[in-house]
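Asker: If it helps, the file is called input24.pdb and holds PDB, C-alpha atoms:
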```pdb
MODEL        1
ATOM      1  CA  MET A   1      74.838 -44.015 -57.870
ATOM      2  CA  SER A   2      73.033 -40.681 -57.983
ATOM      3  CA  SER A   3      72.560 -38.896 -54.692
ATOM      4  CA  ILE A   4      70.194 -36.322 -53.252
ATOM      5  CA  LEU A   5      71.977 -34.090 -50.808
ATOM      6  CA  ALA A   6      69.518 -32.491 -48.461
ATOM      7  CA  ALA A   7      71.183 -29.625 -46.621
ATOM      8  CA  ALA A   8      68.630 -28.575 -44.206
ATOM      9  CA  LEU A   9      70.336 -25.514 -44.101
ATOM     10  CA  LEU A  10      66.532 -23.382 -42.225
ATOM     11  CA  ALA A  11      64.990 -26.118 -34.124
ATOM     12  CA  VAL A  12      59.857 -32.937 -20.793
ATOM     13  CA  ALA A  13      58.275 -36.510 -20.485
ATOM     14  CA  VAL A  14      62.009 -36.968 -20.963
ATOM     15  CA  VAL A  15      63.002 -39.184 -23.861
ATOM     16  CA  GLN A  16      66.595 -40.301 -24.024
ATOM     17  CA  ALA A  17      68.450 -42.680 -26.280
ATOM     18  CA  SER A  18      69.848 -45.818 -24.729
ATOM     19  CA  PRO A  19      72.748 -45.230 -22.288
ATOM     20  CA  THR A  20      74.267 -48.399 -23.706
ATOM     21  CA  LEU A  21      74.408 -46.763 -27.137
ATOM     22  CA  PHE A  22      76.185 -43.708 -25.752
ATOM     23  CA  GLY A  23      78.555 -45.976 -23.874
ATOM     24  CA  ARG A  24      79.539 -47.844 -27.020
ATOM     25  CA  GLN A  25      79.892 -44.820 -29.290
ATOM     26  CA  SER A  26      82.281 -42.096 -28.206
ATOM     27  CA  ILE A  27      82.052 -38.396 -29.025
ATOM     28  CA  THR A  28      84.703 -37.510 -31.589
ATOM     29  CA  ALA A  29      86.121 -34.230 -32.900
ATOM     30  CA  LEU A  30      85.813 -33.419 -36.590
ATOM     31  CA  THR A  31      89.019 -32.670 -38.468
ATOM     32  CA  THR A  32      89.608 -29.332 -40.184
ATOM     33  CA  THR A  33      89.009 -31.028 -43.532
ATOM     34  CA  GLN A  34      85.684 -32.426 -42.337
ATOM     35  CA  ILE A  35      84.604 -29.028 -40.992
ATOM     36  CA  ASP A  36      85.561 -27.260 -44.219
ATOM     37  CA  SER A  37      83.523 -29.776 -46.251
ATOM     38  CA  PHE A  38      80.335 -28.114 -44.933
ATOM     39  CA  THR A  39      81.302 -24.596 -46.070
ATOM     40  CA  SER A  40      79.571 -24.549 -49.462
ATOM     41  CA  TYR A  41      76.363 -25.895 -47.935
ATOM     42  CA  THR A  42      76.494 -23.313 -45.147
ATOM     43  CA  TYR A  43      76.620 -20.575 -47.770
ATOM     44  CA  TYR A  44      73.614 -22.153 -49.488
ATOM     45  CA  ALA A  45      71.769 -22.092 -46.167
ATOM     46  CA  SER A  46      72.651 -18.428 -45.672
ATOM     47  CA  ALA A  47      71.505 -17.518 -49.198
ATOM     48  CA  ALA A  48      68.050 -18.892 -48.376
ATOM     49  CA  TYR A  49      67.417 -15.676 -46.430
ATOM     50  CA  CYS A  50      67.573 -13.724 -49.721
ATOM     51  CA  THR A  51      64.477 -12.740 -51.685
ATOM     52  CA  PRO A  52      63.381 -14.759 -54.740
ATOM     53  CA  ALA A  53      64.634 -11.945 -57.001
ATOM     54  CA  GLN A  54      68.083 -12.139 -55.383
ATOM     55  CA  THR A  55      68.374 -15.921 -55.541
ATOM     56  CA  LEU A  56      67.200 -16.014 -59.178
ATOM     57  CA  ALA A  57      69.847 -13.389 -59.991
ATOM     58  CA  TRP A  58      72.280 -15.171 -57.649
ATOM     59  CA  ASP A  59      73.769 -11.957 -56.258
ATOM     60  CA  SER A  60      74.709 -10.627 -52.799
ATOM     61  CA  ASN A  61      76.319 -13.309 -50.592
ATOM     62  CA  CYS A  62      75.221 -15.865 -53.161
ATOM     63  CA  ASN A  63      78.541 -15.214 -54.899
ATOM     64  CA  ALA A  64      80.193 -17.610 -52.430
ATOM     65  CA  ASN A  65      78.911 -20.418 -54.704
ATOM     66  CA  ALA A  66      79.402 -18.483 -57.937
ATOM     67  CA  GLY A  67      78.792 -21.420 -60.291
ATOM     68  CA  PHE A  68      75.298 -22.134 -58.993
ATOM     69  CA  LYS A  69      72.510 -22.242 -61.592
ATOM     70  CA  PRO A  70      69.188 -21.021 -60.101
ATOM     71  CA  VAL A  71      66.044 -22.624 -61.529
ATOM     72  CA  ALA A  72      63.114 -21.581 -59.314
ATOM     73  CA  SER A  73      62.410 -19.609 -56.142
ATOM     74  CA  GLY A  74      59.427 -18.519 -54.106
ATOM     75  CA  GLY A  75      58.005 -17.478 -50.753
ATOM     76  CA  ASP A  76      57.291 -14.053 -49.334
ATOM     77  CA  GLY A  77      59.480 -14.134 -46.227
ATOM     78  CA  ASP A  78      56.367 -13.907 -44.072
ATOM     79  CA  SER A  79      53.597 -16.495 -44.220
ATOM     80  CA  VAL A  80      55.742 -18.634 -46.530
ATOM     81  CA  GLN A  81      59.485 -18.695 -46.037
ATOM     82  CA  TYR A  82      61.731 -17.914 -48.988
ATOM     83  CA  TRP A  83      62.934 -20.969 -50.884
ATOM     84  CA  TYR A  84      64.959 -21.688 -53.987
ATOM     85  CA  VAL A  85      65.994 -24.619 -56.182
ATOM     86  CA  GLY A  86      68.930 -24.849 -58.579
ATOM     87  CA  TYR A  87      71.974 -26.804 -59.686
ATOM     88  CA  ASP A  88      75.525 -26.910 -58.338
ATOM     89  CA  PRO A  89      77.857 -28.101 -61.135
ATOM     90  CA  SER A  90      80.766 -28.724 -58.736
ATOM     91  CA  PHE A  91      78.806 -31.226 -56.634
ATOM     92  CA  LYS A  92      76.559 -32.266 -59.538
ATOM     93  CA  THR A  93      73.607 -31.820 -57.229
ATOM     94  CA  VAL A  94      70.259 -30.071 -57.142
ATOM     95  CA  ILE A  95      70.129 -27.562 -54.288
ATOM     96  CA  VAL A  96      66.847 -27.061 -52.389
ATOM     97  CA  ALA A  97      67.002 -24.351 -49.727
ATOM     98  CA  HIS A  98      64.383 -22.906 -47.383
ATOM     99  CA  GLN A  99      64.778 -19.702 -45.367
ATOM    100  CA  GLY A 100      65.560 -19.991 -41.686
ATOM    101  CA  THR A 101      63.846 -17.968 -39.003
ATOM    102  CA  ASN A 102      64.204 -15.040 -36.650
ATOM    103  CA  PRO A 103      65.484 -16.764 -33.488
ATOM    104  CA  SER A 104      63.875 -14.303 -31.054
ATOM    105  CA  GLU A 105      60.454 -15.149 -32.488
ATOM    106  CA  MET A 106      61.309 -18.816 -32.919
ATOM    107  CA  GLU A 107      62.125 -19.296 -29.220
ATOM    108  CA  SER A 108      58.674 -18.151 -28.109
ATOM    109  CA  LEU A 109      56.942 -20.237 -30.739
ATOM    110  CA  VAL A 110      58.716 -23.527 -30.132
ATOM    111  CA  THR A 111      58.484 -23.348 -26.335
ATOM    112  CA  ASP A 112      54.762 -22.568 -26.154
ATOM    113  CA  ALA A 113      52.818 -25.233 -24.257
ATOM    114  CA  THR A 114      50.110 -25.314 -26.928
ATOM    115  CA  LEU A 115      52.443 -27.000 -29.430
ATOM    116  CA  PHE A 116      51.242 -30.403 -30.506
ATOM    117  CA  LEU A 117      52.083 -33.292 -32.804
ATOM    118  CA  THR A 118      50.033 -34.348 -35.792
ATOM    119  CA  ASN A 119      50.164 -36.894 -38.602
ATOM    120  CA  LEU A 120      51.713 -36.121 -41.965
ATOM    121  CA  ASN A 121      49.491 -35.344 -44.959
ATOM    122  CA  SER A 122      48.665 -38.768 -46.403
ATOM    123  CA  THR A 123      48.399 -37.313 -49.920
ATOM    124  CA  LEU A 124      51.913 -35.877 -49.807
ATOM    125  CA  PHE A 125      53.379 -38.708 -47.701
ATOM    126  CA  PRO A 126      51.656 -41.881 -48.994
ATOM    127  CA  GLY A 127      52.441 -45.039 -47.065
ATOM    128  CA  VAL A 128      54.089 -43.289 -44.108
ATOM    129  CA  SER A 129      52.976 -44.813 -40.808
ATOM    130  CA  ASP A 130      50.325 -43.064 -38.707
ATOM    131  CA  ASN A 131      52.695 -43.479 -35.765
ATOM    132  CA  ILE A 132      54.883 -40.761 -37.269
ATOM    133  CA  GLU A 133      53.906 -37.310 -36.049
ATOM    134  CA  VAL A 134      55.431 -33.880 -36.625
ATOM    135  CA  HIS A 135      55.160 -30.369 -35.222
ATOM    136  CA  ASP A 136      51.891 -28.563 -36.048
ATOM    137  CA  GLY A 137      51.928 -25.672 -33.587
ATOM    138  CA  PHE A 138      52.851 -21.961 -33.761
ATOM    139  CA  ARG A 139      49.648 -20.899 -35.546
ATOM    140  CA  ASP A 140      48.006 -19.090 -32.633
ATOM    141  CA  GLU A 141      51.277 -17.496 -31.531
ATOM    142  CA  GLN A 142      51.286 -15.238 -34.594
ATOM    143  CA  GLU A 143      48.605 -13.130 -32.939
ATOM    144  CA  LEU A 144      51.057 -12.136 -30.189
ATOM    145  CA  TYR A 145      53.159 -10.002 -32.550
ATOM    146  CA  ASP A 146      52.357  -6.492 -33.723
ATOM    147  CA  SER A 147      53.790  -7.313 -37.157
ATOM    148  CA  PRO A 148      53.882 -10.569 -39.128
ATOM    149  CA  ILE A 149      56.505 -13.028 -37.977
ATOM    150  CA  SER A 150      59.096 -14.535 -40.299
ATOM    151  CA  PHE A 151      58.432 -18.116 -39.249
ATOM    152  CA  PRO A 152      55.421 -19.796 -40.879
ATOM    153  CA  SER A 153      52.360 -20.754 -38.848
ATOM    154  CA  THR A 154      53.508 -24.363 -38.702
ATOM    155  CA  TYR A 155      56.313 -26.557 -39.982
ATOM    156  CA  LEU A 156      53.729 -28.839 -41.525
ATOM    157  CA  ASN A 157      51.541 -26.163 -43.079
ATOM    158  CA  CYS A 158      54.538 -24.338 -44.520
ATOM    159  CA  HIS A 159      55.930 -27.542 -45.969
ATOM    160  CA  ASP A 160      52.554 -28.511 -47.433
ATOM    161  CA  SER A 161      52.167 -25.071 -49.026
ATOM    162  CA  THR A 162      55.470 -25.342 -50.924
ATOM    163  CA  ALA A 163      55.937 -29.113 -51.337
ATOM    164  CA  THR A 164      54.514 -29.568 -54.813
ATOM    165  CA  ASP A 165      56.233 -26.420 -56.137
ATOM    166  CA  VAL A 166      59.570 -27.627 -54.768
ATOM    167  CA  LEU A 167      59.034 -31.115 -56.187
ATOM    168  CA  ALA A 168      58.248 -29.689 -59.632
ATOM    169  CA  ALA A 169      61.371 -27.494 -59.516
ATOM    170  CA  VAL A 170      63.530 -30.435 -58.408
ATOM    171  CA  GLU A 171      62.190 -32.628 -61.218
ATOM    172  CA  LYS A 172      62.808 -29.845 -63.756
ATOM    173  CA  THR A 173      66.391 -29.345 -62.533
ATOM    174  CA  MET A 174      67.131 -33.068 -62.514
ATOM    175  CA  SER A 175      65.872 -33.339 -66.081
ATOM    176  CA  GLU A 176      67.645 -30.215 -67.332
ATOM    177  CA  TYR A 177      71.033 -31.060 -65.826
ATOM    178  CA  GLY A 178      70.852 -34.856 -65.932
ATOM    179  CA  THR A 179      71.337 -35.328 -62.189
ATOM    180  CA  THR A 180      69.434 -36.731 -59.224
ATOM    181  CA  SER A 181      71.203 -34.809 -56.445
ATOM    182  CA  VAL A 182      69.469 -32.215 -54.201
ATOM    183  CA  THR A 183      70.442 -29.969 -51.200
ATOM    184  CA  MET A 184      67.813 -28.686 -48.699
ATOM    185  CA  VAL A 185      67.963 -26.184 -45.830
ATOM    186  CA  GLN A 186      66.306 -25.704 -42.364
ATOM    187  CA  ALA A 187      63.601 -27.571 -40.455
ATOM    188  CA  ILE A 188      61.161 -27.677 -43.357
ATOM    189  CA  THR A 189      63.759 -29.408 -45.480
ATOM    190  CA  LEU A 190      63.872 -32.250 -42.999
ATOM    191  CA  LEU A 191      60.250 -32.814 -44.000
ATOM    192  CA  ASP A 192      61.333 -32.434 -47.648
ATOM    193  CA  SER A 193      63.887 -35.146 -46.998
ATOM    194  CA  VAL A 194      61.072 -37.497 -46.017
ATOM    195  CA  TYR A 195      58.738 -36.242 -48.749
ATOM    196  CA  LEU A 196      60.956 -36.200 -51.863
ATOM    197  CA  PRO A 197      62.136 -39.844 -51.730
ATOM    198  CA  LEU A 198      58.483 -40.892 -51.952
ATOM    199  CA  TRP A 199      58.163 -39.146 -55.332
ATOM    200  CA  LEU A 200      61.593 -39.156 -56.993
ATOM    201  CA  PRO A 201      63.083 -42.095 -58.940
ATOM    202  CA  PRO A 202      64.387 -45.192 -57.118
ATOM    203  CA  GLY A 203      68.147 -45.215 -56.637
ATOM    204  CA  THR A 204      68.293 -41.591 -55.540
ATOM    205  CA  THR A 205      70.107 -41.195 -52.232
ATOM    206  CA  PHE A 206      69.686 -38.381 -49.714
ATOM    207  CA  GLN A 207      71.824 -36.476 -47.259
ATOM    208  CA  THR A 208      70.405 -33.779 -44.992
ATOM    209  CA  ILE A 209      72.431 -31.021 -43.322
ATOM    210  CA  GLY A 210      70.641 -28.822 -40.785
ATOM    211  CA  TYR A 211      71.764 -25.680 -38.957
ATOM    212  CA  GLY A 212      70.288 -24.863 -35.545
ATOM    213  CA  LEU A 213      67.578 -27.439 -36.210
ATOM    214  CA  PRO A 214      64.686 -27.495 -33.722
ATOM    215  CA  ARG A 215      63.008 -30.785 -32.921
ATOM    216  CA  VAL A 216      60.519 -31.549 -35.699
ATOM    217  CA  GLY A 217      58.715 -34.770 -34.757
ATOM    218  CA  ASN A 218      58.114 -37.574 -32.292
ATOM    219  CA  GLN A 219      60.109 -40.709 -31.507
ATOM    220  CA  ALA A 220      58.674 -42.582 -34.503
ATOM    221  CA  PHE A 221      59.638 -39.666 -36.775
ATOM    222  CA  ALA A 222      63.185 -39.584 -35.376
ATOM    223  CA  ASN A 223      63.507 -43.344 -35.857
ATOM    224  CA  TYR A 224      62.206 -43.061 -39.431
ATOM    225  CA  VAL A 225      64.785 -40.362 -40.215
ATOM    226  CA  ASP A 226      67.569 -42.476 -38.697
ATOM    227  CA  ALA A 227      66.530 -45.508 -40.738
ATOM    228  CA  ASN A 228      65.970 -43.743 -44.070
ATOM    229  CA  LEU A 229      68.078 -40.569 -44.230
ATOM    230  CA  HIS A 230      71.672 -39.511 -43.767
ATOM    231  CA  LEU A 231      71.227 -36.490 -41.473
ATOM    232  CA  THR A 232      73.788 -34.113 -40.026
ATOM    233  CA  HIS A 233      72.383 -31.303 -37.860
ATOM    234  CA  ILE A 234      74.912 -28.712 -36.709
ATOM    235  CA  ASN A 235      74.312 -26.760 -33.486
ATOM    236  CA  ASN A 236      76.330 -23.687 -32.563
ATOM    237  CA  GLU A 237      77.541 -23.242 -28.981
ATOM    238  CA  GLU A 238      74.638 -22.354 -26.632
ATOM    239  CA  ASP A 239      71.913 -21.936 -29.249
ATOM    240  CA  PRO A 240      68.653 -22.749 -27.386
ATOM    241  CA  ILE A 241      66.578 -23.443 -30.519
ATOM    242  CA  PRO A 242      67.798 -27.061 -30.965
ATOM    243  CA  ILE A 243      66.451 -28.041 -27.518
ATOM    244  CA  CYS A 244      62.956 -26.889 -28.575
ATOM    245  CA  PRO A 245      60.200 -27.952 -28.608
ATOM    246  CA  GLY A 246      60.837 -29.788 -25.352
ATOM    247  CA  MET A 247      61.109 -33.540 -25.003
ATOM    248  CA  PHE A 248      58.299 -33.371 -22.425
ATOM    249  CA  LEU A 249      55.989 -32.528 -25.341
ATOM    250  CA  GLY A 250      56.971 -35.741 -27.107
ATOM    251  CA  PHE A 251      59.518 -34.265 -29.531
ATOM    252  CA  VAL A 252      62.770 -36.118 -30.295
ATOM    253  CA  HIS A 253      65.816 -35.229 -32.378
ATOM    254  CA  PRO A 254      67.091 -37.809 -34.877
ATOM    255  CA  SER A 255      70.727 -38.858 -34.664
ATOM    256  CA  GLY A 256      73.503 -37.013 -36.471
ATOM    257  CA  GLU A 257      74.258 -34.053 -34.216
ATOM    258  CA  VAL A 258      77.454 -32.050 -34.622
ATOM    259  CA  HIS A 259      77.972 -29.507 -31.830
ATOM    260  CA  ILE A 260      80.246 -26.475 -32.245
ATOM    261  CA  GLN A 261      81.801 -25.889 -28.836
ATOM    262  CA  ASP A 262      82.827 -22.555 -27.346
ATOM    263  CA  ALA A 263      86.500 -23.147 -28.150
ATOM    264  CA  GLY A 264      85.635 -23.798 -31.800
ATOM    265  CA  ALA A 265      85.931 -27.594 -31.880
ATOM    266  CA  TRP A 266      83.185 -29.503 -33.733
ATOM    267  CA  ALA A 267      82.043 -32.599 -31.816
ATOM    268  CA  ALA A 268      80.167 -35.480 -33.472
ATOM    269  CA  CYS A 269      77.544 -36.620 -30.933
ATOM    270  CA  PRO A 270      76.168 -40.158 -31.429
ATOM    271  CA  GLY A 271      72.558 -41.119 -30.768
ATOM    272  CA  GLN A 272      69.339 -39.147 -30.366
ATOM    273  CA  ASP A 273      69.437 -36.133 -27.993
ATOM    274  CA  ASN A 274      72.830 -37.077 -26.570
ATOM    275  CA  PRO A 275      72.913 -35.786 -22.935
ATOM    276  CA  SER A 276      76.688 -35.216 -22.820
ATOM    277  CA  THR A 277      77.807 -31.684 -21.945
ATOM    278  CA  GLN A 278      79.803 -31.790 -25.203
ATOM    279  CA  CYS A 279      76.449 -31.935 -27.048
ATOM    280  CA  ILE A 280      73.587 -29.441 -27.193
ATOM    281  CA  VAL A 281      71.173 -31.186 -24.775
ATOM    282  CA  GLY A 282      73.792 -31.373 -22.037
ATOM    283  CA  ASP A 283      75.319 -27.980 -22.770
ATOM    284  CA  VAL A 284      71.974 -26.119 -22.827
ATOM    285  CA  SER A 285      69.803 -27.886 -20.271
ATOM    286  CA  TYR A 286      67.179 -25.123 -20.168
ATOM    287  CA  ILE A 287      66.164 -22.248 -22.432
ATOM    288  CA  TRP A 288      67.575 -19.687 -20.024
ATOM    289  CA  ASP A 289      70.998 -21.368 -20.277
ATOM    290  CA  GLY A 290      71.105 -20.540 -23.991
ATOM    291  CA  ASN A 291      72.181 -17.565 -26.072
ATOM    292  CA  LEU A 292      69.941 -16.725 -29.045
ATOM    293  CA  ASN A 293      72.816 -14.849 -30.686
ATOM    294  CA  ASN A 294      74.455 -18.226 -31.313
ATOM    295  CA  HIS A 295      71.598 -19.402 -33.562
ATOM    296  CA  ASP A 296      72.771 -17.551 -36.679
ATOM    297  CA  GLY A 297      76.381 -18.652 -36.220
ATOM    298  CA  PRO A 298      79.075 -18.274 -36.966
ATOM    299  CA  TYR A 299      79.369 -21.733 -38.546
ATOM    300  CA  ASN A 300      83.070 -21.958 -39.380
ATOM    301  CA  GLY A 301      83.110 -18.178 -39.902
ATOM    302  CA  ILE A 302      79.767 -17.938 -41.737
ATOM    303  CA  THR A 303      76.784 -16.108 -40.205
ATOM    304  CA  MET A 304      73.296 -16.829 -41.559
ATOM    305  CA  GLY A 305      71.550 -14.013 -43.436
ATOM    306  CA  CYS A 306      71.402 -12.438 -46.875
TER
ENDMDL
END
```
So that I can check it, write out the structure of this file as structure tokens.

Answerer:
Amino acid sequence: MSSILAAALLAVAVVQASPTLFGRQSITALTTTQIDSFTSYTYYASAAYCTPAQTLAWDSNCNANAGFKPVASGGDGDSVQYWYVGYDPSFKTVIVAHQGTNPSEMESLVTDATLFLTNLNSTLFPGVSDNIEVHDGFRDEQELYDSPISFPSTYLNCHDSTATDVLAAVEKTMSEYGTTSVTMVQAITLLDSVYLPLWLPPGTTFQTIGYGLPRVGNQAFANYVDANLHLTHINNEEDPIPICPGMFLGFVHPSGEVHIQDAGAWAACPGQDNPSTQCIVGDVSYIWDGNLNNHDGPYNGITMGC
């Protein structure tokens, strides 16, 4: 069966998953082979920080996946994050990547008390329950900076501004290369992972891989992701971005966390927002316990950036 691989290569009324669930499912260490299987996708996530001209030429650090065939790219790195779409002949998959963010600006934005949850665009997300809400903050925070920030005004607005362009590029790539496989990067691509299955042919399957993923939506959103997607979100050491926005604001992480520990081991953490100290919520209880330098990596030796 064809597959769409979404590498969401890009982020306290306390909400916790059931203690019974954590009791039944133990935290396990990934093998070296399992860790290395993410390497190509990590390079794709890093390349999303490159300009459209660079990704269309596939130069700079893009050479790590030298066989990649770029099809479309866009964004300005300011109000709209860079993004690109193309084809990986080794994995026989379409790659969809969105730029990540400057973590020093991201921390302020995702911790601001004015953040709120809102419904998805019913035109782009037909049939999705009104109970599902996602992040729609950050807009006012742009005024606090002397120069434009690299993160868009909102997850939702940024996704909505690029959604149809990305869909058109994915459809073109699928048609041109005879595949139905796609890879997506960063928080916005988690929304892409909900959006694209509503518009692409039945039988397409999806996998999402996120790096330093902040919380994107509410409990209903997290449950929807768990029920409909195959998500892995990788957090590096004491990166504070994945614990934002706070659970007290109603935000919840879907399942699928992998936490890179200080000694270098990768731990698979079951459940939503696992509170174990081997996982990000337990390891970084508060923002001031975190280290923003960990946000960009390294992820198995790879640091995010063009």

Asker: Can I get the residues of region 165-240 of chain A within 12 Å of region 80-98 of chain A, each with the closest pair of atoms and their distance in Å to one decimal, using all atoms listed in the file, sorted chain first then ascending number, as JSON lines?

Answerer:
```
{"residue": "A:Asp165", "atom": "CA", "partner": "A:Val85", "partner_atom": "CA", "distance": 9.9}
{"residue": "A:Val166", "atom": "CA", "partner": "A:Val85", "partner_atom": "CA", "distance": 7.2}
{"residue": "A:Leu167", "atom": "CA", "partner": "A:Val85", "partner_atom": "CA", "distance": 9.5}
{"residue": "A:Ala168", "atom": "CA", "partner": "A:Val85", "partner_atom": "CA", "distance": 9.9}
{"residue": "A:Ala169", "atom": "CA", "partner": "A:Val85", "partner_atom": "CA", "distance": 6.4}
{"residue": "A:Val170", "atom": "CA", "partner": "A:Val85", "partner_atom": "CA", "distance": 6.7}
{"residue": "A:Glu171", "atom": "CA", "partner": "A:Val94", "partner_atom": "CA", "distance": 9.4}
{"residue": "A:Lys172", "atom": "CA", "partner": "A:Gly86", "partner_atom": "CA", "distance": 9.4}
{"residue": "A:Thr173", "atom": "CA", "partner": "A:Gly86", "partner_atom": "CA", "distance": 6.5}
{"residue": "A:Met174", "atom": "CA", "partner": "A:Val94", "partner_atom": "CA", "distance": 6.9}
{"residue": "A:Ser175", "atom": "CA", "partner": "A:Val94", "partner_atom": "CA", "distance": 10.5}
{"residue": "A:Glu176", "atom": "CA", "partner": "A:Tyr87", "partner_atom": "CA", "distance": 9.4}
{"residue": "A:Tyr177", "atom": "CA", "partner": "A:Tyr87", "partner_atom": "CA", "distance": 7.5}
{"residue": "A:Gly178", "atom": "CA", "partner": "A:Lys92", "partner_atom": "CA", "distance": 9.0}
{"residue": "A:Thr179", "atom": "CA", "partner": "A:Thr93", "partner_atom": "CA", "distance": 6.5}
{"residue": "A:Thr180", "atom": "CA", "partner": "A:Thr93", "partner_atom": "CA", "distance": 6.7}
{"residue": "A:Ser181", "atom": "CA", "partner": "A:Thr93", "partner_atom": "CA", "distance": 3.9}
{"residue": "A:Val182", "atom": "CA", "partner": "A:Val94", "partner_atom": "CA", "distance": 3.7}
{"residue": "A:Thr183", "atom": "CA", "partner": "A:Ile95", "partner_atom": "CA", "distance": 3.9}
{"residue": "A:Met184", "atom": "CA", "partner": "A:Val96", "partner_atom": "CA", "distance": 4.1}
{"residue": "A:Val185", "atom": "CA", "partner": "A:Ala97", "partner_atom": "CA", "distance": 4.4}
{"residue": "A:Gln186", "atom": "CA", "partner": "A:His98", "partner_atom": "CA", "distance": 6.1}
{"residue": "A:Ala187", "atom": "CA", "partner": "A:His98", "partner_atom": "CA", "distance": 8.4}
{"residue": "A:Ile188", "atom": "CA", "partner": "A:His98", "partner_atom": "CA", "distance": 7.0}
{"residue": "A:Thr189", "atom": "CA", "partner": "A:His98", "partner_atom": "CA", "distance": 6.8}
{"residue": "A:Leu190", "atom": "CA", "partner": "A:His98", "partner_atom": "CA", "distance": 10.3}
{"residue": "A:Leu191", "atom": "CA", "partner": "A:His98", "partner_atom": "CA", "distance": 11.3}
{"residue": "A:Asp192", "atom": "CA", "partner": "A:Val96", "partner_atom": "CA", "distance": 9.0}
{"residue": "A:Ser193", "atom": "CA", "partner": "A:Val96", "partner_atom": "CA", "distance": 10.2}
{"residue": "A:Leu196", "atom": "CA", "partner": "A:Val96", "partner_atom": "CA", "distance": 10.9}
{"residue": "A:Thr204", "atom": "CA", "partner": "A:Thr93", "partner_atom": "CA", "distance": 11.3}
{"residue": "A:Thr205", "atom": "CA", "partner": "A:Thr93", "partner_atom": "CA", "distance": 11.2}
{"residue": "A:Phe206", "atom": "CA", "partner": "A:Thr93", "partner_atom": "CA", "distance": 10.7}
{"residue": "A:Gln207", "atom": "CA", "partner": "A:Thr93", "partner_atom": "CA", "distance": 11.1}
{"residue": "A:Thr208", "atom": "CA", "partner": "A:Val96", "partner_atom": "CA", "distance": 10.6}
{"residue": "A:Ile209", "atom": "CA", "partner": "A:Ala97", "partner_atom": "CA", "distance": 10.7}
{"residue": "A:Gly210", "atom": "CA", "partner": "A:Ala97", "partner_atom": "CA", "distance": 10.6}
{"residue": "A:Tyr211", "atom": "CA", "partner": "A:His98", "partner_atom": "CA", "distance": 11.5}
```

Asker: Could you pull the residues within 8 Å of region 255-271 of chain A, counting only C-alpha atoms, minus those fewer than 3 positions along the same chain, as an MDAnalysis selection string?

Answerer: chainID A and resid 17 21:22 25:30 35 222 226 230:237 274 278:280 299

Asker: Grab the CA of Gly67 (chain A) to CA of Gln34 (chain A) distance for me, in Å with one decimal place.

Answerer: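 According to the coordinates, CA of Gly67 (chain A) and CA of Gln34 (chain A) are separated by 22.2 Å.
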
Asker: Please expand the PyMOL selection byres ((chain A and resi 134) around 7) into the concrete residues it hits in this file, giving the result as a tab-separated table (two decimals) with C-alpha atoms, in the frame of the given file.

Answerer:
```tsv
chain	number	residue	atom	x	y	z
A	117	LEU	CA	52.08	-33.29	-32.80
A	118	THR	CA	50.03	-34.35	-35.79
A	119	ASN	CA	50.16	-36.89	-38.60
A	120	LEU	CA	51.71	-36.12	-41.96
A	132	ILE	CA	54.88	-40.76	-37.27
A	133	GLU	CA	53.91	-37.31	-36.05
A	135	HIS	CA	55.16	-30.37	-35.22
A	136	ASP	CA	51.89	-28.56	-36.05
A	216	VAL	CA	60.52	-31.55	-35.70
A	217	GLY	CA	58.72	-34.77	-34.76
A	218	ASN	CA	58.11	-37.57	-32.29
```

Asker: Under the rule that all atoms listed in the file are counted, which of A:Pro52, A:Pro240, A:Gly203, A:Pro298 is the nearest residue to Gly77 (chain A)?

Answerer: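 Ranking A:Pro52, A:Pro240, A:Gly203, A:Pro298 by distance to Gly77 (chain A), first place goes to A:Pro52.
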
Asker: Name the residues that the PyMOL selection byres ((chain A and resi 292) around 8) pulls out of this structure, and write them as a VMD selection string.

Answerer: chain A and resid 103 to 104 238 to 241 290 to 291 293 to 295

Asker: Work out how far apart CA of Pro214 (chain A) and CA of Pro275 (chain A) are and give it in Å to one decimal.

Answerer: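 Computing it gives 15.9 Å between the two atoms.
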
Asker: Find, counting only C-alpha atoms, the residue in A:Tyr286, A:Phe125, A:Ile302, A:Ala163 that gets nearest to Tyr41 (chain A).

Answerer: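 So, comparing all the options, the nearest one is A:Ile302.
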
Asker: Measure the distance from CA of Phe116 (chain A) to CA of Leu249 (chain A) in Å and round it to one decimal.

Answerer: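 Answer for the CA of Phe116 (chain A) to CA of Leu249 (chain A) separation: 7.3 Å.
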
Asker: Could you tell me which of A:Phe68, A:Phe251, A:Trp288, A:Tyr195 comes closest to Asp273 (chain A) if we count all atoms listed in the file?

Answerer: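 Going through A:Phe68, A:Phe251, A:Trp288, A:Tyr195 one by one, the smallest distance to Asp273 (chain A) is for A:Phe251.
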